[in-house]
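See below for coords_11.txt, which holds compact mmCIF, C-alpha atoms.
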```txt
# COMPACT_ATOMS: atom_id res chain seq x y z
CA MET A 271 63.99 57.51 86.72
CA TYR A 272 64.31 57.64 90.48
CA LYS A 273 62.71 60.16 92.83
CA LYS A 274 62.26 60.89 96.50
CA THR A 275 60.46 63.57 98.50
CA VAL A 276 62.02 65.16 101.57
CA GLU A 277 61.10 67.85 104.04
CA ILE A 278 63.40 70.84 104.62
CA LYS A 279 64.48 70.74 108.25
CA ASN A 280 67.07 73.49 108.68
CA THR A 281 65.77 76.75 110.15
CA LEU A 282 66.78 79.10 107.38
CA GLY A 283 65.59 76.92 104.49
CA ILE A 284 67.56 76.57 101.26
CA HIS A 285 69.48 79.84 101.08
CA ALA A 286 72.69 80.42 99.14
CA ARG A 287 74.99 78.13 101.13
CA PRO A 288 72.74 75.04 101.15
CA ALA A 289 71.98 75.68 97.49
CA SER A 290 75.65 75.65 96.58
CA GLU A 291 76.09 72.44 98.62
CA ILE A 292 73.32 70.83 96.54
CA VAL A 293 74.93 72.02 93.30
CA LYS A 294 78.32 70.70 94.41
CA ARG A 295 76.88 67.25 95.10
CA ALA A 296 74.66 67.19 92.01
CA SER A 297 77.56 68.15 89.75
CA LYS A 298 79.42 64.99 90.74
CA PHE A 299 76.80 62.77 89.06
CA LYS A 300 76.24 62.13 85.39
CA SER A 301 72.44 61.85 85.62
CA ASN A 302 70.08 64.71 84.90
CA ILE A 303 68.89 65.83 88.30
CA SER A 304 66.04 68.19 89.04
CA ILE A 305 64.26 69.48 92.11
CA GLU A 306 60.53 70.04 92.26
CA LYS A 307 58.53 72.18 94.61
CA ASP A 308 54.87 73.17 94.25
CA GLY A 309 54.82 72.20 90.59
CA MET A 310 57.99 74.12 89.73
CA GLU A 311 60.93 72.11 88.50
CA VAL A 312 64.52 73.31 88.30
CA ASN A 313 67.92 71.87 87.41
CA ALA A 314 69.79 70.73 90.53
CA LYS A 315 73.08 71.80 89.01
CA SER A 316 71.99 75.44 88.81
CA ILE A 317 72.31 77.75 91.81
CA MET A 318 69.84 80.36 90.60
CA GLY A 319 67.20 77.75 89.86
CA ILE A 320 67.41 76.23 93.33
CA LEU A 321 67.32 79.64 95.02
CA MET A 322 64.19 80.58 93.06
CA LEU A 323 62.32 77.66 94.61
CA ALA A 324 62.60 79.47 97.98
CA CYS A 325 62.35 76.25 99.98
CA GLU A 326 61.54 77.31 103.54
CA GLN A 327 61.73 75.16 106.64
CA GLY A 328 58.87 72.68 106.64
CA SER A 329 58.34 72.71 102.87
CA LYS A 330 58.68 69.56 100.81
CA ILE A 331 60.82 69.06 97.73
CA THR A 332 61.09 66.15 95.35
CA ILE A 333 64.45 65.19 93.94
CA VAL A 334 64.25 63.50 90.57
CA ALA A 335 67.15 61.94 88.70
CA ASP A 336 67.40 60.20 85.38
CA GLY A 337 70.53 58.42 84.20
CA GLU A 338 73.09 55.78 85.01
CA ASP A 339 73.73 56.94 88.58
CA GLU A 340 70.21 58.23 89.35
CA LYS A 341 69.74 56.35 92.63
CA GLU A 342 73.06 57.44 94.16
CA ALA A 343 72.45 61.01 93.02
CA VAL A 344 69.03 61.28 94.67
CA GLU A 345 70.17 59.54 97.85
CA SER A 346 73.20 61.80 98.13
CA ILE A 347 71.09 64.97 97.98
CA VAL A 348 68.42 63.52 100.29
CA GLU A 349 71.14 62.75 102.82
CA LEU A 350 72.32 66.37 102.64
CA VAL A 351 68.80 67.77 103.16
CA GLU A 352 68.03 65.40 106.03
CA ASN A 353 71.21 66.38 107.80
CA LYS A 354 70.21 70.03 107.60
CA PHE A 355 73.08 70.68 105.14
CA TYR A 356 75.42 70.19 108.10
CA GLU A 357 74.65 73.78 109.05
CA GLU A 358 73.21 73.48 112.54
CA MET B 36 103.09 102.97 112.29
CA THR B 37 104.69 102.39 108.91
CA GLU B 38 107.67 104.40 110.05
CA SER B 39 108.60 102.25 112.98
CA GLY B 40 107.89 99.22 110.77
CA ASN B 41 110.42 100.47 108.30
CA ILE B 42 113.03 101.14 110.95
CA MET B 43 112.74 97.69 112.44
CA GLY B 44 111.95 95.34 109.62
CA ASN B 45 113.38 96.73 106.45
CA SER B 46 116.45 95.07 105.11
CA LYS B 47 116.59 97.20 101.99
CA SER B 48 118.97 100.10 101.86
CA ILE B 49 119.99 102.92 99.57
CA LYS B 50 123.34 104.65 99.19
CA VAL B 51 123.70 108.27 100.24
CA LYS B 52 125.12 108.85 96.78
CA ASP B 53 121.76 107.92 95.21
CA VAL B 54 119.79 110.00 97.70
CA TYR B 55 122.04 112.93 96.84
CA GLU B 56 121.89 112.50 93.06
CA ASP B 57 118.13 111.94 92.95
CA ASN B 58 117.26 114.90 95.17
CA GLN B 59 120.06 117.35 94.40
CA GLU B 60 117.97 119.53 92.11
CA LEU B 61 114.68 119.00 93.87
CA ILE B 62 115.75 120.45 97.22
CA ASP B 63 118.94 122.17 96.09
CA LEU B 64 121.30 119.96 98.09
CA LYS B 65 124.90 121.10 98.32
CA MET B 66 127.60 118.80 99.60
CA VAL B 67 130.03 120.51 101.94
CA ALA B 68 131.97 117.72 103.67
CA GLY B 69 132.49 113.97 103.99
CA PHE B 70 132.99 113.44 100.26
CA ASN B 71 134.42 109.97 100.82
CA GLY B 72 131.32 108.75 102.65
CA LEU B 73 128.88 108.62 99.76
CA ASP B 74 128.75 104.83 99.93
CA ARG B 75 127.12 104.96 103.37
CA GLU B 76 123.64 103.46 103.44
CA VAL B 77 120.26 104.76 104.56
CA ARG B 78 118.04 101.96 105.90
CA SER B 79 114.94 103.80 107.03
CA SER B 80 112.45 106.20 105.50
CA TYR B 81 112.18 107.88 108.89
CA ILE B 82 113.97 111.22 108.87
CA ASN B 83 115.42 112.01 112.29
CA ARG B 84 116.06 115.36 113.94
CA PRO B 85 118.81 114.55 116.44
CA ALA B 86 117.91 117.19 119.04
CA PHE B 87 117.87 114.64 121.87
CA VAL B 88 121.33 113.33 121.06
CA LEU B 89 122.74 116.84 120.90
CA THR B 90 121.37 117.60 124.35
CA GLY B 91 122.70 114.34 125.79
CA TYR B 92 119.99 111.67 125.63
CA THR B 93 121.36 108.92 123.37
CA GLU B 94 119.03 105.96 123.96
CA HIS B 95 116.69 104.81 121.17
CA PHE B 96 118.63 106.87 118.67
CA PRO B 97 117.73 105.89 115.08
CA ALA B 98 121.26 105.80 113.70
CA TYR B 99 120.10 104.14 110.44
CA SER B 100 118.19 107.30 109.60
CA LEU B 101 119.10 110.38 107.70
CA GLN B 102 119.77 113.18 110.22
CA VAL B 103 118.37 116.66 109.64
CA LEU B 104 119.60 119.71 111.53
CA GLY B 105 116.99 122.49 111.37
CA ASN B 106 116.24 125.75 113.11
CA ARG B 107 116.11 124.28 116.60
CA GLU B 108 119.25 122.16 116.41
CA MET B 109 121.36 124.86 114.76
CA ASN B 110 120.29 127.60 117.16
CA TYR B 111 120.81 125.31 120.13
CA LEU B 112 124.33 124.48 118.97
CA LYS B 113 125.04 128.16 118.29
CA LYS B 114 124.04 129.03 121.85
CA LEU B 115 126.43 126.51 123.39
CA LYS B 116 130.00 127.39 124.38
CA LYS B 117 132.62 126.10 121.94
CA LYS B 118 133.64 123.10 124.07
CA GLU B 119 130.10 122.01 124.81
CA ARG B 120 129.16 122.44 121.17
CA GLU B 121 132.03 120.20 120.10
CA LYS B 122 130.99 117.64 122.68
CA ALA B 123 127.40 117.68 121.33
CA ILE B 124 128.65 117.26 117.77
CA ASP B 125 130.96 114.42 118.85
CA ARG B 126 128.00 112.70 120.50
CA LEU B 127 126.03 112.80 117.24
CA LEU B 128 129.00 111.70 115.14
CA SER B 129 129.84 108.84 117.50
CA PHE B 130 126.96 106.97 115.84
CA SER B 131 127.46 105.50 112.40
CA ILE B 132 124.86 107.74 110.76
CA PRO B 133 124.40 107.79 106.98
CA CYS B 134 124.60 111.56 106.51
CA ILE B 135 123.59 114.96 107.85
CA ILE B 136 121.51 117.62 106.11
CA ILE B 137 121.47 121.18 107.43
CA THR B 138 118.32 123.02 106.34
CA ARG B 139 117.23 126.67 105.99
CA GLY B 140 120.57 127.60 104.45
CA TYR B 141 122.43 127.53 107.78
CA GLN B 142 126.17 127.19 107.34
CA PRO B 143 127.83 124.30 109.17
CA PHE B 144 130.18 124.96 112.10
CA ASP B 145 133.80 124.51 111.12
CA TYR B 146 134.21 121.77 113.71
CA LEU B 147 131.26 119.81 112.26
CA LYS B 148 132.73 120.11 108.77
CA LYS B 149 136.18 119.05 109.95
CA GLU B 150 134.84 116.02 111.84
CA CYS B 151 132.57 114.95 108.96
CA ASN B 152 135.59 115.03 106.67
CA ARG B 153 137.65 113.06 109.14
CA LEU B 154 134.93 110.42 109.72
CA ASP B 155 133.70 110.35 106.09
CA ILE B 156 130.15 111.29 107.04
CA PRO B 157 128.54 113.21 104.15
CA LEU B 158 127.36 116.67 105.17
CA PHE B 159 124.90 118.65 103.05
CA THR B 160 123.17 121.98 103.18
CA ALA B 161 119.79 122.86 101.69
CA PRO B 162 118.04 126.23 101.59
CA GLY B 163 114.45 125.06 102.08
CA ASN B 164 112.48 124.79 105.31
CA THR B 165 112.96 121.67 107.40
CA HIS B 166 109.42 120.35 107.12
CA ASN B 167 109.36 120.38 103.32
CA ILE B 168 112.78 118.80 103.06
CA GLN B 169 111.81 116.08 105.53
CA LYS B 170 108.61 115.43 103.60
CA THR B 171 110.36 115.22 100.23
CA LEU B 172 113.04 112.88 101.52
CA HIS B 173 110.55 110.77 103.45
CA PHE B 174 108.41 110.07 100.37
CA TYR B 175 111.52 109.44 98.32
CA LEU B 176 112.94 106.96 100.83
CA GLU B 177 109.57 105.34 101.49
CA ASP B 178 109.37 104.55 97.79
CA LYS B 179 112.97 103.38 97.46
CA LEU B 180 112.91 101.27 100.63
CA ALA B 181 109.40 99.81 100.23
CA PRO B 182 109.29 96.00 100.52
CA GLU B 183 108.78 94.62 97.04
CA GLU B 184 108.25 91.45 95.13
CA ILE B 185 108.55 90.60 91.46
CA ILE B 186 105.48 88.76 90.22
CA HIS B 187 105.07 86.86 86.98
CA GLY B 188 101.82 88.38 85.77
CA THR B 189 100.11 91.20 83.94
CA LEU B 190 98.70 94.34 85.50
CA VAL B 191 95.82 96.19 83.85
CA ASP B 192 93.74 99.13 85.03
CA VAL B 193 90.11 98.15 84.40
CA TYR B 194 87.62 100.90 85.22
CA GLY B 195 90.14 102.26 87.71
CA ILE B 196 90.62 98.90 89.46
CA GLY B 197 94.06 97.31 89.26
CA LEU B 198 93.62 93.70 88.16
CA LEU B 199 96.75 91.59 88.45
CA PHE B 200 96.53 88.52 86.23
CA THR B 201 98.42 85.45 87.30
CA GLY B 202 98.62 81.96 85.86
CA VAL B 203 101.06 79.65 84.16
CA SER B 204 102.93 80.71 81.02
CA GLY B 205 100.86 80.49 77.88
CA ILE B 206 97.49 80.49 79.66
CA GLY B 207 96.60 83.81 78.05
CA LYS B 208 97.46 86.63 80.44
CA SER B 209 98.87 88.85 77.70
CA GLU B 210 96.01 88.07 75.33
CA THR B 211 93.50 88.92 78.05
CA ALA B 212 95.29 92.21 78.67
CA LEU B 213 95.32 92.93 74.95
CA ASP B 214 91.57 92.32 74.79
CA LEU B 215 91.07 94.72 77.70
CA VAL B 216 93.31 97.38 76.11
CA ALA B 217 91.33 97.06 72.86
CA ARG B 218 88.22 97.82 74.90
CA GLY B 219 89.69 101.01 76.28
CA HIS B 220 91.39 99.83 79.49
CA ARG B 221 94.99 100.60 80.33
CA LEU B 222 98.05 98.39 80.47
CA VAL B 223 100.48 98.91 83.34
CA ALA B 224 102.94 96.07 82.82
CA ASP B 225 103.04 92.76 81.06
CA ASP B 226 104.80 89.55 82.06
CA VAL B 227 106.88 90.92 84.93
CA VAL B 228 105.35 93.21 87.53
CA ARG B 229 107.14 94.82 90.43
CA VAL B 230 104.78 95.09 93.40
CA LYS B 231 105.71 97.48 96.19
CA ARG B 232 104.07 97.80 99.54
CA ARG B 233 103.35 101.38 100.51
CA GLY B 234 101.58 101.61 103.84
CA ASN B 235 98.66 99.23 103.54
CA ILE B 236 98.38 99.21 99.80
CA LEU B 237 100.30 97.59 96.96
CA ILE B 238 101.54 99.51 93.96
CA GLY B 239 102.45 97.66 90.78
CA GLU B 240 104.66 98.81 87.93
CA GLY B 241 106.83 97.47 85.16
CA VAL B 242 110.45 96.50 85.82
CA GLU B 243 111.83 97.42 82.43
CA PRO B 244 115.48 98.39 82.90
CA SER B 245 115.08 101.10 80.29
CA GLU B 246 112.31 103.23 78.78
CA ILE B 247 112.73 101.46 75.45
CA PHE B 248 111.14 98.29 76.87
CA LYS B 249 108.09 99.96 78.40
CA HIS B 250 104.66 98.65 77.45
CA HIS B 251 105.90 96.04 75.03
CA MET B 252 104.12 92.73 74.87
CA GLU B 253 104.80 89.35 73.42
CA ILE B 254 101.76 87.84 71.75
CA ARG B 255 102.19 84.22 70.76
CA GLY B 256 102.03 83.73 67.03
CA ILE B 257 102.57 87.43 66.31
CA GLY B 258 105.65 88.43 68.23
CA ILE B 259 106.62 91.57 70.11
CA VAL B 260 104.27 94.52 69.83
CA ASN B 261 104.34 98.03 71.29
CA ILE B 262 101.04 98.84 72.94
CA GLY B 263 101.80 102.58 73.01
CA PHE B 264 102.37 102.76 69.24
CA LEU B 265 99.34 100.64 68.47
CA TYR B 266 96.73 101.98 70.88
CA GLY B 267 98.10 105.36 71.87
CA ILE B 268 98.72 107.05 75.16
CA ARG B 269 95.27 106.29 76.54
CA ALA B 270 96.20 102.60 76.66
CA LEU B 271 99.14 103.12 79.01
CA ARG B 272 99.58 103.64 82.68
CA LEU B 273 102.89 103.82 84.54
CA HIS B 274 101.81 102.41 87.89
CA LYS B 275 98.62 101.35 89.56
CA ARG B 276 97.40 100.13 92.91
CA VAL B 277 96.88 96.36 92.80
CA GLU B 278 93.38 95.61 94.05
CA VAL B 279 92.24 92.21 92.80
CA ILE B 280 94.25 89.13 91.82
CA VAL B 281 92.72 87.30 88.86
CA ASN B 282 94.09 83.79 88.50
CA LEU B 283 93.56 82.32 85.04
CA ARG B 284 93.64 78.55 84.94
CA GLU B 285 92.62 75.66 82.84
CA TRP B 286 89.20 74.23 83.57
CA ASN B 287 89.37 71.33 85.99
CA ALA B 288 86.21 69.36 86.66
CA GLU B 289 87.57 68.27 90.05
CA VAL B 290 87.74 71.82 91.41
CA ASP B 291 84.66 73.42 92.99
CA TYR B 292 84.68 76.93 91.56
CA THR B 293 82.96 79.72 93.44
CA ARG B 294 79.29 79.64 92.58
CA THR B 295 77.57 82.14 94.84
CA GLY B 296 80.33 84.67 95.49
CA LEU B 297 79.25 84.87 99.14
CA GLU B 298 82.73 84.23 100.41
CA THR B 299 85.64 86.32 99.24
CA ARG B 300 88.80 84.29 98.77
CA LEU B 301 91.96 86.08 99.76
CA THR B 302 95.59 85.81 98.83
CA ASN B 303 98.49 87.46 100.62
CA ILE B 304 101.14 89.54 98.93
CA LEU B 305 103.80 91.30 101.04
CA GLY B 306 101.60 90.98 104.10
CA ILE B 307 98.48 92.45 102.52
CA ASP B 308 95.33 90.42 101.87
CA LEU B 309 93.83 90.88 98.43
CA PRO B 310 90.67 89.33 96.97
CA LEU B 311 91.44 86.43 94.66
CA VAL B 312 89.19 85.51 91.74
CA GLU B 313 89.82 82.27 89.91
CA ILE B 314 88.61 82.15 86.35
CA PRO B 315 88.55 78.72 84.71
CA LEU B 316 89.21 78.98 80.99
CA VAL B 317 86.78 77.23 78.70
CA PRO B 318 86.50 77.78 74.94
CA GLY B 319 83.79 80.28 74.14
CA LYS B 320 84.12 82.26 77.35
CA ASN B 321 84.89 85.92 76.87
CA ILE B 322 87.57 86.54 79.47
CA ALA B 323 87.73 90.32 78.89
CA THR B 324 84.01 90.64 79.60
CA LEU B 325 84.43 88.55 82.75
CA CYS B 326 87.35 90.76 83.86
CA GLU B 327 85.29 93.92 83.42
CA LEU B 328 82.66 92.22 85.54
CA VAL B 329 85.24 91.40 88.22
CA ALA B 330 86.33 95.05 88.32
CA MET B 331 82.79 96.44 88.43
CA ASN B 332 81.68 93.95 91.06
CA HIS B 333 84.71 94.93 93.15
CA ILE B 334 83.72 98.61 92.92
CA LEU B 335 80.17 97.69 93.88
CA LYS B 336 81.41 95.76 96.94
CA GLU B 337 83.68 98.66 97.92
CA MET B 338 80.56 100.84 97.82
CA GLY B 339 78.87 98.43 100.23
CA ILE B 340 76.67 96.63 97.71
CA ASP B 341 77.33 92.90 97.88
CA THR B 342 74.82 91.42 95.46
CA ALA B 343 75.13 87.81 96.62
CA LYS B 344 74.65 88.78 100.26
CA ILE B 345 71.68 91.03 99.54
CA LEU B 346 69.91 88.38 97.45
CA ASN B 347 70.58 85.78 100.12
CA SER B 348 69.18 87.84 102.97
CA GLU B 349 66.10 88.78 100.90
CA LEU B 350 65.58 85.11 100.14
CA ILE B 351 65.83 84.17 103.81
CA LYS B 352 63.24 86.85 104.65
CA LEU B 353 60.93 85.51 101.94
CA MET B 354 61.25 81.95 103.22
CA LYS B 355 60.49 83.05 106.80
CA LYS B 356 57.29 84.70 105.58
CA GLN B 357 56.31 81.53 103.72
CA ALA B 358 57.02 79.39 106.76
CA LYS B 359 54.63 81.53 108.86
CA LYS B 360 51.88 81.19 106.23
CA ILE B 361 52.12 77.42 106.36
CA THR B 362 51.69 77.34 110.10
CA ARG B 363 48.62 79.56 109.83
CA LEU B 364 47.07 77.34 107.17
CA GLU B 365 47.61 74.27 109.29
CA GLU B 366 45.97 76.00 112.26
CA ASP B 367 43.00 76.97 110.06
CA GLN B 368 42.37 73.39 109.17
CA GLU B 369 41.67 72.41 112.74
```
Before anything else, please render the file you have as structure tokens.
Amino acid sequence: MYKKTVEIKNTLGIHARPASEIVKRASKFKSNISIEKDGMEVNAKSIMGILMLACEQGSKITIVADGEDEKEAVESIVELVENKFYEE
Amino acid sequence: MTESGNIMGNSKSIKVKDVYEDNQELIDLKMVAGFNGLDREVRSSYINRPAFVLTGYTEHFPAYSLQVLGNREMNYLKKLKKKEREKAIDRLLSFSIPCIIITRGYQPFDYLKKECNRLDIPLFTAPGNTHNIQKTLHFYLEDKLAPEEIIHGTLVDVYGIGLLFTGVSGIGKSETALDLVARGHRLVADDVVRVKRRGNILIGEGVEPSEIFKHHMEIRGIGIVNIGFLYGIRALRLHKRVEVIVNLREWNAEVDYTRTGLETRLTNILGIDLPLVEIPLVPGKNIATLCELVAMNHILKEMGIDTAKILNSELIKLMKKQAKKITRLEEDQE
């Protein structure tokens, strides 16, 4: 298992577009990937789950992956979050 | 708008003979001269009243159009002296016009008849009033001259929304349509659909050369079936506006399918943009249910309710509220 915590930096937080970007990236990996926020954990390959976390700017999420490509999976999503989903 | 478009850009044409035969009874057309000119072609749905040409102004004259002589034109010509009248008629007939229709039961001047016979320009009379005749012929020509395209697909009316299914042969377009018909929706055409542009909308219909082919379907493994016999009249529709294109395709893991529905994908048919929905086929998916959903969601969007957008903007509001709370908490700690 591999995990990393990141802070949401983009102004609008994780709304529909960033969420679908996360799903797109997550779906490319074989590992089970989940995202945690305030004790709630959802599947990173599910749009509705990610939206329900309502990750606002400044909040922290933990990306957890388990499987053969766990490290690459987590790093790929962290990179997306840190670059503000290439939105701004 | 559409009229000038038709004059300029339409390459389709229809023979005067067909216009005559198709409308003879409807507006009581009688042919009085130019019997050898029935092969002349009409290339515009615009019906012209050639008053300007008769009075002498010949620029911008729509010679491709059907020419209608009504109250004004006939009374004007009547008022003229014989020589001037003949000159006016010559001016009109100097253009290669498809035909002339005299309305309100006016009888043609002998000179007009004689010249139409000499030049093989069909001349008709009709008893009705000019406006109604123009209207009837305009709609008729608009339909006959509309730009069209033949599309390999299946058109079904689902909850009043025309869904045009596309996809490679054997993907299951007919089977999907059959499923929808079994659920109470209506089949317009299977396999080959003629799509016509009328104004800013597209109308789809079957292209069967004869009535005997209408609403037949080939279902793989079963053969040819007649939807009308099997499901009754409620399962059939002759034509329908095409509103959404549903592309059925095999599941491909490499393709990113629409997940949020925030963006509407469009496809262009005959110059009109239509929403395109791509449905990947996977065993166990009920395509008919998905298609009903596509139709209902389209109606909802037309009514101004875009679920994905509404949820997204509510979510953004919620996150803004949360962000403010966090700042306050941090301030409290100081």
Give me, as CSV, each residue of chain A that comes within 8 Å of chain B, together with its shortest interatomic pair and the distance in Å at one decimal, counting only C-alpha atoms, with rows ordered by chain and rising residue number.
```
residue,atom,partner,partner_atom,distance
A:Leu282,CA,B:Ile351,CA,6.3
A:Gly283,CA,B:Met354,CA,6.8
A:His285,CA,B:Asn347,CA,6.1
A:Ala286,CA,B:Asn347,CA,5.8
A:Arg287,CA,B:Thr295,CA,7.9
A:Ser290,CA,B:Arg294,CA,6.7
A:Lys294,CA,B:Asp291,CA,7.0
A:Ile317,CA,B:Arg294,CA,7.3
A:Leu321,CA,B:Leu350,CA,7.7
A:Ala324,CA,B:Met354,CA,6.0
A:Cys325,CA,B:Met354,CA,6.6
A:Glu326,CA,B:Met354,CA,4.7
A:Gln327,CA,B:Ala358,CA,6.3
A:Gly328,CA,B:Ala358,CA,7.0
A:Ser329,CA,B:Ala358,CA,7.8
```
Restricted to C-alpha atoms, what would the selected residues look like written as a PDB file, in the coordinates of the input?
```pdb
ATOM      1  CA  LEU A 282      66.780  79.100 107.380  1.00  0.00           C
ATOM      2  CA  GLY A 283      65.590  76.920 104.490  1.00  0.00           C
ATOM      3  CA  HIS A 285      69.480  79.840 101.080  1.00  0.00           C
ATOM      4  CA  ALA A 286      72.690  80.420  99.140  1.00  0.00           C
ATOM      5  CA  ARG A 287      74.990  78.130 101.130  1.00  0.00           C
ATOM      6  CA  SER A 290      75.650  75.650  96.580  1.00  0.00           C
ATOM      7  CA  LYS A 294      78.320  70.700  94.410  1.00  0.00           C
ATOM      8  CA  ILE A 317      72.310  77.750  91.810  1.00  0.00           C
ATOM      9  CA  LEU A 321      67.320  79.640  95.020  1.00  0.00           C
ATOM     10  CA  ALA A 324      62.600  79.470  97.980  1.00  0.00           C
ATOM     11  CA  CYS A 325      62.350  76.250  99.980  1.00  0.00           C
ATOM     12  CA  GLU A 326      61.540  77.310 103.540  1.00  0.00           C
ATOM     13  CA  GLN A 327      61.730  75.160 106.640  1.00  0.00           C
ATOM     14  CA  GLY A 328      58.870  72.680 106.640  1.00  0.00           C
ATOM     15  CA  SER A 329      58.340  72.710 102.870  1.00  0.00           C
TER      16      SER A 329
END
```
Selection near Glu352 in chain A, 8 Å with all atoms listed in the file, sequence-local residues under 4 positions removed, as an NGL selection string: :A and (276-279 or 348)
Is it possible to get the residues within 12 Å of (69.3, 51.3, 83.2) (coordinates as in the file, counting all atoms listed in the file) written as a ChimeraX atom specification? /A:271-272,301,336-341
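Between Gly234 in chain B and the candidates B:Ile262, B:Ala86, B:Ile268, B:Ile307, the tightest atom-to-atom separation, counting all atoms listed in the file, involves B:Ile307.
Between CA of Glu285 in chain B and CA of Gly205 in chain B lies a distance of 10.8 Å.
Using only C-alpha atoms, the nearest neighbour of Val351 in chain A within the list A:Ile331, A:Ile303, A:Leu323, A:Met318 is A:Ile331.
For Lys231 in chain B, the residues within 10 Å (counting all atoms listed in the file, excluding itself and residues fewer than 4 positions away along the chain) are Asp178, Lys179, Leu180, Ala181, Pro182, Glu183, Glu184, Ile185, Ile236, Leu237, Ile238, Gly239, Glu240, Arg276, Val277, Ile304 and Leu305 of chain B.
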Taking into account all atoms listed in the file, which residue in the set B:Glu108, B:Asp192, B:Glu313, B:Asp308 is nearest to Ala270 in chain B? B:Asp192
Who sits within 10 Å of Thr332 in chain A, only C-alpha atoms, same chain under 4 positions skipped, as a PyMOL selection string: chain A and resi 273-277+304-309+311+344+348
Selection to disk with C-alpha atoms, as a short mmCIF file (atom, residue, chain, number, x, y, z; two decimals), keeping the file's coordinate frame:
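And here is the file that came out, selection01.cif:
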```cif
data_model
loop_
_atom_site.label_atom_id
_atom_site.label_comp_id
_atom_site.auth_asym_id
_atom_site.auth_seq_id
_atom_site.Cartn_x
_atom_site.Cartn_y
_atom_site.Cartn_z
CA LYS A 273 62.71 60.16 92.83
CA LYS A 274 62.26 60.89 96.50
CA THR A 275 60.46 63.57 98.50
CA VAL A 276 62.02 65.16 101.57
CA GLU A 277 61.10 67.85 104.04
CA SER A 304 66.04 68.19 89.04
CA ILE A 305 64.26 69.48 92.11
CA GLU A 306 60.53 70.04 92.26
CA LYS A 307 58.53 72.18 94.61
CA ASP A 308 54.87 73.17 94.25
CA GLY A 309 54.82 72.20 90.59
CA GLU A 311 60.93 72.11 88.50
CA VAL A 344 69.03 61.28 94.67
CA VAL A 348 68.42 63.52 100.29
#
```
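With distances restricted to only C-alpha atoms, B:Thr201 is the closest residue to Leu283 in chain B from B:Asn303, B:Thr201, B:Thr189, B:Asn235.
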Quick check, in Å to one decimal: how far apart do CA of Lys117 in chain B and CA of Gly91 in chain B lie? 15.9 Å
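Taking only C-alpha atoms into account, the residues near (123.0, 109.5, 99.7), no farther than 9 Å, are Ile49, Lys50, Val51, Lys52, Asp53, Val54, Tyr55, Glu56, Asp57, Gly72, Leu73, Asp74, Arg75, Glu76, Val77, Leu101, Pro133, Cys134 and Pro157 of chain B.
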For CA of Asn167 in chain B and CA of Ile82 in chain B, quote the distance in Å rounded to one decimal. 11.7 Å
From the list A:Ala289, A:Ile320, A:Leu350, A:Val334, which residue is nearest Asn302 in chain A when using all atoms listed in the file? A:Val334
Give me the residues near Asn282 in chain B as a list in words, where near means some atom within 9 Å (using all atoms listed in the file) and where sequence neighbours in that chain fewer than 6 positions away do not count. Leu199, Phe200, Thr201, Gly202, Leu311, Val312, Glu313, Ile314 and Pro315 of chain B
Quick one: of A:Met322, A:Asn280, A:Glu345, A:Phe355, who's nearest to Ile292 in chain A, counting all atoms listed in the file? A:Phe355
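Near Ala212 in chain B, within a cut-off of 9 Å and counting all atoms listed in the file, sit the residues Thr189, Leu190, Val191, Phe200, Gly207, Lys208, Ser209, Leu215, Val216, Ala217, His220, Arg221, Leu222, Asp225 and Ala323 of chain B, with same-chain residues fewer than 3 positions away left out.
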